[in-house]
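Structure data (mmCIF, C-alpha atoms, pLDDT in the B column; chains and numbers go by the auth columns) from coords_0.cif:
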```cif
data_final
#
loop_
_atom_site.group_PDB
_atom_site.id
_atom_site.type_symbol
_atom_site.label_atom_id
_atom_site.label_comp_id
_atom_site.label_asym_id
_atom_site.label_seq_id
_atom_site.Cartn_x
_atom_site.Cartn_y
_atom_site.Cartn_z
_atom_site.B_iso_or_equiv
_atom_site.auth_seq_id
_atom_site.auth_asym_id
ATOM 1 C CA MET A 1 0.000 0.000 0.000 80.00 1 A
ATOM 2 C CA LEU A 2 1.306 3.480 -0.865 85.00 2 A
ATOM 3 C CA VAL A 3 1.452 5.915 2.060 84.00 3 A
ATOM 4 C CA THR A 4 2.217 9.630 1.735 86.00 4 A
ATOM 5 C CA VAL A 5 5.448 10.376 3.595 90.00 5 A
ATOM 6 C CA GLY A 6 6.241 13.922 2.507 92.00 6 A
ATOM 7 C CA ARG A 7 5.824 16.862 0.170 93.00 7 A
ATOM 8 C CA ILE A 8 8.747 18.145 -1.863 95.00 8 A
ATOM 9 C CA GLY A 9 9.581 21.760 -1.107 95.00 9 A
ATOM 10 C CA ARG A 10 11.966 24.201 -2.710 95.00 10 A
ATOM 11 C CA ALA A 11 15.363 23.317 -4.101 96.00 11 A
ATOM 12 C CA HIS A 12 18.398 23.684 -1.855 96.00 12 A
ATOM 13 C CA GLY A 13 21.661 24.586 -3.556 93.00 13 A
ATOM 14 C CA ILE A 14 22.614 23.774 -7.120 94.00 14 A
ATOM 15 C CA ARG A 15 23.148 19.993 -6.931 94.00 15 A
ATOM 16 C CA GLY A 16 19.487 18.945 -6.908 95.00 16 A
ATOM 17 C CA GLU A 17 18.735 18.662 -3.188 97.00 17 A
ATOM 18 C CA VAL A 18 15.187 19.468 -2.117 97.00 18 A
ATOM 19 C CA GLY A 19 13.625 20.297 1.217 96.00 19 A
ATOM 20 C CA ILE A 20 10.957 17.877 2.388 96.00 20 A
ATOM 21 C CA ASP A 21 7.827 18.736 4.351 92.00 21 A
ATOM 22 C CA VAL A 22 7.825 15.491 6.345 90.00 22 A
ATOM 23 C CA ARG A 23 4.479 13.673 6.699 85.00 23 A
ATOM 24 C CA THR A 24 5.717 10.575 8.516 84.00 24 A
ATOM 25 C CA ASP A 25 6.831 9.747 12.039 79.00 25 A
ATOM 26 C CA GLU A 26 9.646 7.678 10.544 84.00 26 A
ATOM 27 C CA PRO A 27 11.531 10.093 8.261 91.00 27 A
ATOM 28 C CA ASP A 28 14.950 8.488 8.794 91.00 28 A
ATOM 29 C CA ARG A 29 13.481 5.163 7.695 90.00 29 A
ATOM 30 C CA ARG A 30 11.361 6.422 4.772 92.00 30 A
ATOM 31 C CA PHE A 31 14.094 8.713 3.376 96.00 31 A
ATOM 32 C CA ALA A 32 17.033 6.370 3.993 95.00 32 A
ATOM 33 C CA ASP A 33 19.691 6.038 1.291 96.00 33 A
ATOM 34 C CA GLY A 34 18.404 3.701 -1.431 96.00 34 A
ATOM 35 C CA ALA A 35 14.729 4.037 -0.498 96.00 35 A
ATOM 36 C CA THR A 36 12.364 4.320 -3.447 96.00 36 A
ATOM 37 C CA LEU A 37 9.467 6.744 -3.406 96.00 37 A
ATOM 38 C CA VAL A 38 6.691 7.449 -5.893 95.00 38 A
ATOM 39 C CA THR A 39 5.411 10.927 -6.710 94.00 39 A
ATOM 40 C CA GLU A 40 1.678 11.434 -6.325 86.00 40 A
ATOM 41 C CA ALA A 41 0.815 13.122 -9.625 81.00 41 A
ATOM 42 C CA LYS A 42 -1.095 12.519 -12.869 80.00 42 A
ATOM 43 C CA VAL A 43 2.095 11.022 -14.262 84.00 43 A
ATOM 44 C CA SER A 44 3.873 9.501 -11.299 88.00 44 A
ATOM 45 C CA ARG A 45 7.550 8.754 -11.303 93.00 45 A
ATOM 46 C CA THR A 46 9.796 6.706 -9.087 95.00 46 A
ATOM 47 C CA LEU A 47 12.552 8.501 -7.205 97.00 47 A
ATOM 48 C CA THR A 48 15.477 6.857 -5.423 97.00 48 A
ATOM 49 C CA VAL A 49 16.953 8.536 -2.361 97.00 49 A
ATOM 50 C CA ALA A 50 20.664 9.047 -3.040 97.00 50 A
ATOM 51 C CA SER A 51 21.229 10.801 0.289 97.00 51 A
ATOM 52 C CA SER A 52 19.374 12.650 3.007 97.00 52 A
ATOM 53 C CA ARG A 53 20.407 14.883 5.859 96.00 53 A
ATOM 54 C CA TRP A 54 18.961 17.215 8.441 95.00 54 A
ATOM 55 C CA HIS A 55 19.927 20.872 8.055 94.00 55 A
ATOM 56 C CA SER A 56 18.639 23.579 10.408 92.00 56 A
ATOM 57 C CA GLY A 57 15.683 21.406 11.420 89.00 57 A
ATOM 58 C CA ARG A 58 14.711 20.638 7.819 93.00 58 A
ATOM 59 C CA LEU A 59 15.122 17.359 5.953 96.00 59 A
ATOM 60 C CA LEU A 60 17.100 17.733 2.717 97.00 60 A
ATOM 61 C CA VAL A 61 16.982 14.907 0.191 97.00 61 A
ATOM 62 C CA LYS A 62 19.001 14.253 -2.963 97.00 62 A
ATOM 63 C CA PHE A 63 17.269 11.946 -5.446 97.00 63 A
ATOM 64 C CA ALA A 64 19.414 9.933 -7.873 97.00 64 A
ATOM 65 C CA GLU A 65 17.167 10.979 -10.780 96.00 65 A
ATOM 66 C CA VAL A 66 17.506 14.715 -10.046 96.00 66 A
ATOM 67 C CA PRO A 67 20.894 16.003 -11.263 96.00 67 A
ATOM 68 C CA ASP A 68 20.557 19.742 -10.610 96.00 68 A
ATOM 69 C CA ARG A 69 18.541 22.647 -9.239 96.00 69 A
ATOM 70 C CA THR A 70 16.463 23.012 -12.414 96.00 70 A
ATOM 71 C CA ALA A 71 15.253 19.408 -12.184 95.00 71 A
ATOM 72 C CA ALA A 72 14.674 19.807 -8.440 96.00 72 A
ATOM 73 C CA GLU A 73 12.466 22.880 -8.951 96.00 73 A
ATOM 74 C CA GLN A 74 10.199 20.832 -11.254 94.00 74 A
ATOM 75 C CA LEU A 75 9.355 18.529 -8.331 95.00 75 A
ATOM 76 C CA ARG A 76 8.238 21.312 -6.006 95.00 76 A
ATOM 77 C CA ASN A 77 4.922 20.672 -4.198 93.00 77 A
ATOM 78 C CA LEU A 78 4.665 17.041 -5.317 94.00 78 A
ATOM 79 C CA PHE A 79 3.737 14.543 -2.619 92.00 79 A
ATOM 80 C CA VAL A 80 5.934 11.463 -2.295 95.00 80 A
ATOM 81 C CA GLN A 81 4.699 8.067 -1.210 93.00 81 A
ATOM 82 C CA ALA A 82 6.409 4.962 0.135 92.00 82 A
ATOM 83 C CA GLU A 83 5.308 1.360 -0.216 90.00 83 A
ATOM 84 C CA VAL A 84 4.312 0.037 3.222 84.00 84 A
ATOM 85 C CA ASP A 85 3.162 -3.533 3.878 82.00 85 A
ATOM 86 C CA ASP A 86 -0.539 -3.758 4.712 73.00 86 A
ATOM 87 C CA ASP A 87 0.194 -5.430 8.058 74.00 87 A
ATOM 88 C CA ALA A 88 3.116 -3.151 9.003 74.00 88 A
ATOM 89 C CA ARG A 89 2.818 -1.176 12.232 74.00 89 A
ATOM 90 C CA PRO A 90 5.016 1.625 13.610 73.00 90 A
ATOM 91 C CA GLU A 91 7.612 0.511 16.148 72.00 91 A
ATOM 92 C CA ASP A 92 6.107 2.695 18.905 73.00 92 A
ATOM 93 C CA PRO A 93 2.846 1.123 20.195 73.00 93 A
ATOM 94 C CA GLU A 94 1.442 4.643 20.763 76.00 94 A
ATOM 95 C CA GLU A 95 1.746 5.538 17.053 79.00 95 A
ATOM 96 C CA TYR A 96 -0.609 4.585 14.235 83.00 96 A
ATOM 97 C CA TYR A 97 -0.741 4.831 10.487 80.00 97 A
ATOM 98 C CA ASP A 98 -3.696 6.868 9.217 84.00 98 A
ATOM 99 C CA ARG A 99 -5.035 3.793 7.453 84.00 99 A
ATOM 100 C CA ASP A 100 -5.220 1.996 10.833 87.00 100 A
ATOM 101 C CA LEU A 101 -7.532 4.670 12.259 92.00 101 A
ATOM 102 C CA VAL A 102 -9.834 5.317 9.295 93.00 102 A
ATOM 103 C CA GLY A 103 -12.935 3.170 9.620 96.00 103 A
ATOM 104 C CA LEU A 104 -12.708 2.662 13.381 96.00 104 A
ATOM 105 C CA ALA A 105 -15.961 2.908 15.317 96.00 105 A
ATOM 106 C CA VAL A 106 -16.099 5.846 17.736 96.00 106 A
ATOM 107 C CA ARG A 107 -17.455 5.359 21.262 96.00 107 A
ATOM 108 C CA THR A 108 -17.694 7.718 24.189 94.00 108 A
ATOM 109 C CA THR A 109 -16.175 6.796 27.543 93.00 109 A
ATOM 110 C CA ASP A 110 -19.605 5.630 28.703 92.00 110 A
ATOM 111 C CA GLY A 111 -19.817 3.197 25.735 91.00 111 A
ATOM 112 C CA ALA A 112 -22.262 5.052 23.460 91.00 112 A
ATOM 113 C CA GLU A 113 -21.588 4.513 19.731 94.00 113 A
ATOM 114 C CA VAL A 114 -21.337 7.967 18.150 93.00 114 A
ATOM 115 C CA GLY A 115 -19.816 7.504 14.700 94.00 115 A
ATOM 116 C CA GLU A 116 -16.820 6.457 12.629 96.00 116 A
ATOM 117 C CA VAL A 117 -13.361 7.874 11.897 96.00 117 A
ATOM 118 C CA VAL A 118 -13.333 8.969 8.234 96.00 118 A
ATOM 119 C CA ASP A 119 -9.967 10.752 8.052 93.00 119 A
ATOM 120 C CA VAL A 120 -6.926 11.924 9.983 90.00 120 A
ATOM 121 C CA VAL A 121 -6.125 15.612 9.465 88.00 121 A
ATOM 122 C CA HIS A 122 -2.497 16.614 9.989 81.00 122 A
ATOM 123 C CA LEU A 123 -1.915 20.155 11.198 79.00 123 A
ATOM 124 C CA PRO A 124 1.320 21.743 12.431 74.00 124 A
ATOM 125 C CA ALA A 125 0.179 21.846 16.057 82.00 125 A
ATOM 126 C CA GLN A 126 -1.541 18.454 16.292 86.00 126 A
ATOM 127 C CA ASP A 127 -3.434 15.788 14.410 89.00 127 A
ATOM 128 C CA LEU A 128 -7.227 15.655 14.332 92.00 128 A
ATOM 129 C CA LEU A 129 -9.631 12.756 13.896 94.00 129 A
ATOM 130 C CA GLU A 130 -12.397 13.579 11.418 95.00 130 A
ATOM 131 C CA ILE A 131 -15.453 11.742 12.680 95.00 131 A
ATOM 132 C CA ARG A 132 -18.738 11.200 10.846 95.00 132 A
ATOM 133 C CA ARG A 133 -21.408 11.224 13.521 92.00 133 A
ATOM 134 C CA THR A 134 -24.308 8.775 13.311 89.00 134 A
ATOM 135 C CA ALA A 135 -26.475 11.866 12.605 85.00 135 A
ATOM 136 C CA GLY A 136 -24.366 12.410 9.455 87.00 136 A
ATOM 137 C CA ASN A 137 -22.461 15.569 10.429 89.00 137 A
ATOM 138 C CA LEU A 138 -18.662 15.727 10.565 92.00 138 A
ATOM 139 C CA VAL A 139 -16.705 16.821 13.640 92.00 139 A
ATOM 140 C CA LEU A 140 -12.992 17.193 14.308 94.00 140 A
ATOM 141 C CA VAL A 141 -11.483 15.858 17.527 94.00 141 A
ATOM 142 C CA PRO A 142 -7.872 16.615 18.547 94.00 142 A
ATOM 143 C CA LEU A 143 -5.893 13.382 18.670 93.00 143 A
ATOM 144 C CA VAL A 144 -4.555 13.890 22.182 92.00 144 A
ATOM 145 C CA GLU A 145 -4.689 11.414 25.061 92.00 145 A
ATOM 146 C CA GLU A 146 -6.973 13.615 27.165 94.00 146 A
ATOM 147 C CA LEU A 147 -9.692 13.497 24.485 95.00 147 A
ATOM 148 C CA VAL A 148 -8.848 10.144 22.870 95.00 148 A
ATOM 149 C CA PRO A 149 -7.803 7.961 25.822 95.00 149 A
ATOM 150 C CA GLU A 150 -8.081 4.600 24.042 95.00 150 A
ATOM 151 C CA ILE A 151 -7.441 3.262 20.560 94.00 151 A
ATOM 152 C CA ASP A 152 -7.840 -0.445 19.846 93.00 152 A
ATOM 153 C CA VAL A 153 -6.924 -1.146 16.226 90.00 153 A
ATOM 154 C CA ASP A 154 -7.441 -4.904 16.591 89.00 154 A
ATOM 155 C CA LYS A 155 -10.964 -4.544 18.016 95.00 155 A
ATOM 156 C CA ARG A 156 -11.647 -1.657 15.563 95.00 156 A
ATOM 157 C CA TYR A 157 -12.719 1.138 17.919 96.00 157 A
ATOM 158 C CA VAL A 158 -11.550 4.425 19.396 96.00 158 A
ATOM 159 C CA VAL A 159 -12.821 6.013 22.620 96.00 159 A
ATOM 160 C CA VAL A 160 -13.480 9.751 22.787 95.00 160 A
ATOM 161 C CA ALA A 161 -13.875 11.562 26.118 94.00 161 A
ATOM 162 C CA ASP A 162 -16.762 13.810 25.125 88.00 162 A
ATOM 163 C CA ARG A 163 -16.830 17.411 26.331 88.00 163 A
ATOM 164 C CA PRO A 164 -19.607 19.965 25.815 85.00 164 A
ATOM 165 C CA GLY A 165 -19.433 21.021 22.174 83.00 165 A
ATOM 166 C CA LEU A 166 -16.819 18.443 21.132 86.00 166 A
ATOM 167 C CA LEU A 167 -18.977 15.825 19.438 85.00 167 A
ATOM 168 C CA ASP A 168 -22.150 17.927 19.372 81.00 168 A
ATOM 169 C CA PRO A 169 -21.352 21.537 18.443 75.00 169 A
ATOM 170 C CA ASP A 170 -24.919 22.570 19.356 74.00 170 A
ATOM 171 C CA GLY A 171 -24.267 21.392 22.916 67.00 171 A
ATOM 172 C CA ALA A 172 -21.396 23.806 23.488 62.00 172 A
ATOM 173 C CA ASP A 173 -21.414 25.919 26.632 66.00 173 A
ATOM 174 C CA VAL A 174 -21.652 29.521 25.480 63.00 174 A
ATOM 175 C CA VAL A 175 -20.300 32.116 27.876 66.00 175 A
ATOM 176 C CA PRO A 176 -21.739 35.579 27.221 70.00 176 A
ATOM 177 C CA THR A 177 -19.246 38.309 26.485 71.00 177 A
ATOM 178 C CA GLU A 178 -19.611 41.995 27.313 73.00 178 A
ATOM 179 C CA ALA A 179 -20.728 42.652 23.726 63.00 179 A
ATOM 180 C CA ASP A 180 -23.532 40.075 24.161 57.00 180 A
ATOM 181 C CA ALA A 181 -24.763 41.843 27.307 55.00 181 A
ATOM 182 C CA ASP A 182 -25.592 45.068 25.438 54.00 182 A
#
```
For the file at hand, write its structure as structure tokens.
Amino acid sequence: MLVTVGRIGRAHGIRGEVGIDVRTDEPDRRFADGATLVTEAKVSRTLTVASSRWHSGRLLVKFAEVPDRTAAEQLRNLFVQAEVDDDARPEDPEEYYDRDLVGLAVRTTDGAEVGEVVDVVHLPAQDLLEIRRTAGNLVLVPLVEELVPEIDVDKRYVVVADRPGLLDPDGADVVPTEADAD
């Protein structure tokens, strides 16, 4: 199965290195020398990692098929994917591949079935579970232990600690502001 592991950024230098916006928890593994990646585009192409290094907190990658800066610039903003076995799991038991979470049933801490995970949204600050409620609406829940205390991939469910307004936006506690008092 192909899994998105990064997005190619701007060229770095004149020898064809590119910056990578990393989309994996295992960048040293996915961008290791000799690793093959596939671009996610109308016409995909296979790229082989010739070398990779961290520079000022940014991953720089040199692909064997990219000889210079001009060729590197043509790859900008393309997503790259790695082949991952369907039964592969991250080494850390507290980490999950997106594909492991999508489709899981969502329960509250009191056991009520409330929906299904339909996507995992990756933001700079944190990841979010996109949940389709049984009523049909979509809600986003931060993927943090306080709000998602339990994930059981084998039994196919995730537990959400519901708070007012989290799973039911209409149930949010609204605190009046001074402007509302006028």
Across A:Val106, A:Val5, A:Leu75, A:Leu128, the smallest distance to Val22 of chain A, with only C-alpha atoms counted, is shown by A:Val5
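Take atom CA of Ala161 of chain A and atom CA of Tyr97 of chain A: the distance between them is 21.5 Å.
Atom to atom, atom CA of Arg156 of chain A and atom CA of Asp100 of chain A stand 8.8 Å apart.
Here atom CA of Glu150 of chain A stands at a distance of 23.3 Å from atom CA of Arg23 of chain A.
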Top pick for closest residue to Val158 of chain A, considering A:Ala64, A:Leu47, A:Leu140, A:Val117 and counting only C-alpha atoms: A:Val117
May I have the residues within 10 Å of Ala41 of chain A as a PyMOL selection string, using only C-alpha atoms and disregarding those fewer than 2 positions away in the same chain? chain A and resi 38-39+43-45+78-80
Around all listed atoms of segment 154-161 of chain A, padded 8 Å per side, what centre and edge lengths does the axis-aligned box have in Å to one decimal, as lines of an AutoDock Vina configuration file?
```
center_x = -10.7
center_y = 3.3
center_z = 20.8
size_x = 22.4
size_y = 32.5
size_z = 26.6
```
Expected answer as a PyMOL selection string: all residues with atoms within 6 Å of (13.9, 23.4, 0.6), only C-alpha atoms: chain A and resi 9-12+18-19
I'd like to know which of A:His122, A:Lys42, A:Arg99, A:Arg69 is closest to Arg15 of chain A, using all atoms listed in the file. A:Arg69
Long-range neighbours of Asp86 of chain A as a VMD selection string, 12 Å cut-off, only C-alpha atoms, 3 positions minimum in chain: chain A and resid 1 to 3 83 89 to 90 97 to 100
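Considering only C-alpha atoms, the residue among A:Ile131, A:Leu147, A:Ile20, A:Val139 positioned nearest to Arg53 of chain A is A:Ile20.
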Given the file shown, determine the residues that the PyMOL selection byres ((chain A and resi 16) around 6) selects; report them as a ChimeraX atom specification. /A:14-15,17,66-69,72
Matched chain/residue IDs from the PyMOL selection byres ((chain A and resi 48) around 7), as a PyMOL selection string: chain A and resi 34-37+46-47+49-50+63-65
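Of the listed residues A:Leu166, A:Leu129, A:Ile8, A:Ala82, the one whose atoms come nearest to Ala105 of chain A is A:Leu129, with distances taken using only C-alpha atoms.
Of the listed residues (A:Val160, A:Ala88, A:Val144, A:Trp54), A:Val160 comes nearest to Val114 of chain A; the distances count all atoms listed in the file.
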Written as a VMD selection string, which residues does the PyMOL selection byres ((chain A and resi 94) around 12) give for the file shown? chain A and resid 25 89 to 93 95 to 97 143 to 145 148 to 153
